[in-house]
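Peer 1: Here it is: the structure, laid out below.
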Amino acid sequence: MDAEADDDRAPDFLRKDFIHRVRRSDVRYILQAQLRDTPPPPVGNHELFDPSQPWNEYWFPWVDMFEIRLNEVIDDQAAVSRLEMNPNRSPECIRIPLATSPDDYASLGHARAIVYPGARAARAAVPPPQNN
């Protein structure tokens, strides 16, 4: 998204603000999830996998899973670059459902599982960003 014409903030103002907040205050995040049993086979293109439809919060309430508190900024870009999000490395109970066609609701997650390792390798081949 491009900045508004009258927006004179630096392009990295959000990054700088985040660093300032971590160094000067208490930055906390709570991971919440909605839990739902997998439907019995055949699962197919079940509504459970439709990312455009929210789940009923009465039947599937949000549950606090854990809290993260940040109290320091990691300045070591090499250490940060070793962090990875790999959807293929998950426990059996939350494995990625496989799609059988591009029209399956599960195709987005399935595609991510295929694309992420290649994207990670491509990012590793470029010079690291400037140090904070």
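Following the order of the structure tokens, first chain is A, next is B, and so on, with residues numbered from 1 inside each chain and ligands from 1 in the order they appear.
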Using only C-alpha atoms, which protein or nucleic acid residues come within 8 Å of Val22 of chain A? Drop anything in the same chain fewer than 4 positions from it, and give the result as a ChimeraX atom specification.

Peer 2: /A:18,26-27,70-73

Peer 1: Taking 6 positions as the minimum chain separation for residues in the same chain, which residues sit within 9 Å of segment 117-127 of chain A when counting only C-alpha atoms? Answer as a PDB file with N, CA and C atoms, in the first residue's frame.

Peer 2:
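Writing done, so here's part_1.pdb:
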ATOM      1  N   SER A  81      17.280 -14.190  10.802  1.00  0.00           N
ATOM      2  CA  SER A  81      17.056 -14.820   9.496  1.00  0.00           C
ATOM      3  C   SER A  81      16.956 -16.341   9.596  1.00  0.00           C
ATOM      4  N   GLU A  84      12.157 -19.514  11.128  1.00  0.00           N
ATOM      5  CA  GLU A  84      11.354 -19.872   9.963  1.00  0.00           C
ATOM      6  C   GLU A  84       9.969 -20.328  10.377  1.00  0.00           C
ATOM      7  N   MET A  85       9.023 -20.029   9.516  1.00  0.00           N
ATOM      8  CA  MET A  85       7.660 -20.512   9.676  1.00  0.00           C
ATOM      9  C   MET A  85       7.489 -21.594   8.629  1.00  0.00           C
ATOM     10  N   ASN A  86       7.349 -22.818   9.057  1.00  0.00           N
ATOM     11  CA  ASN A  86       7.214 -23.927   8.122  1.00  0.00           C
ATOM     12  C   ASN A  86       5.922 -24.673   8.432  1.00  0.00           C
TER      13      ASN A  86
END

Peer 1: Smallest atom-to-atom distance to Cys93 of chain A: which of A:Arg15, A:His110, A:Arg36, A:Arg21, using only C-alpha atoms?

Peer 2: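 Checking each of A:Arg15, A:His110, A:Arg36, A:Arg21 against Cys93 of chain A, counting only C-alpha atoms, the winner is A:Arg36.
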
Peer 1: Residues of segment 2-45 of chain A in helix (DSSP H, G or I) according to DSSP, as a ChimeraX atom specification?

Peer 2: /A:13-24

Peer 1: Name the residues in contact with Pro97 of chain A at a cut-off of 12 Å, using only C-alpha atoms, excluding same-chain residues fewer than 5 positions from it; report them as a ChimeraX atom specification.

Peer 2: /A:38-39,43-46,48-50,87-88,90,92,104-113

Peer 1: As a list in words, please: all residues of chain A that backbone DSSP puts in strand (DSSP E or B).

Peer 2: Val27, Arg28, Tyr29, Ile30, Leu31, Gln32, Ala33, Gln34, Trp62, Val63, Asp64, Met65, Phe66, Glu67, Ile68, Arg69 and Leu70 of chain A

Peer 1: Using Å and a single decimal, report how far atom CA of Gln34 of chain A sits from atom CA of Asn56 of chain A.

Peer 2: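 About the pair atom CA of Asn56 of chain A and atom CA of Gln34 of chain A: they are 9.6 Å apart.
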
Peer 1: Go through A:Glu57, A:Asp6, A:Met65, A:Pro51 and flag the residue nearest Gln32 of chain A, using only C-alpha atoms for the distances.

Peer 2: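 Comparing A:Glu57, A:Asp6, A:Met65, A:Pro51 against Gln32 of chain A, the winner is A:Met65.
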
Peer 1: How far is it from atom CA of Arg23 of chain A to atom CA of Val80 of chain A, in Å with one decimal?

Peer 2: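 Separating atom CA of Arg23 of chain A from atom CA of Val80 of chain A is a distance of 17.4 Å.
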
Peer 1: State, in Å with one decimal place, the distance from atom CA of Ala3 of chain A to atom CA of Ile19 of chain A.

Peer 2: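 Separation of atom CA of Ala3 of chain A and atom CA of Ile19 of chain A: 21.0 Å.
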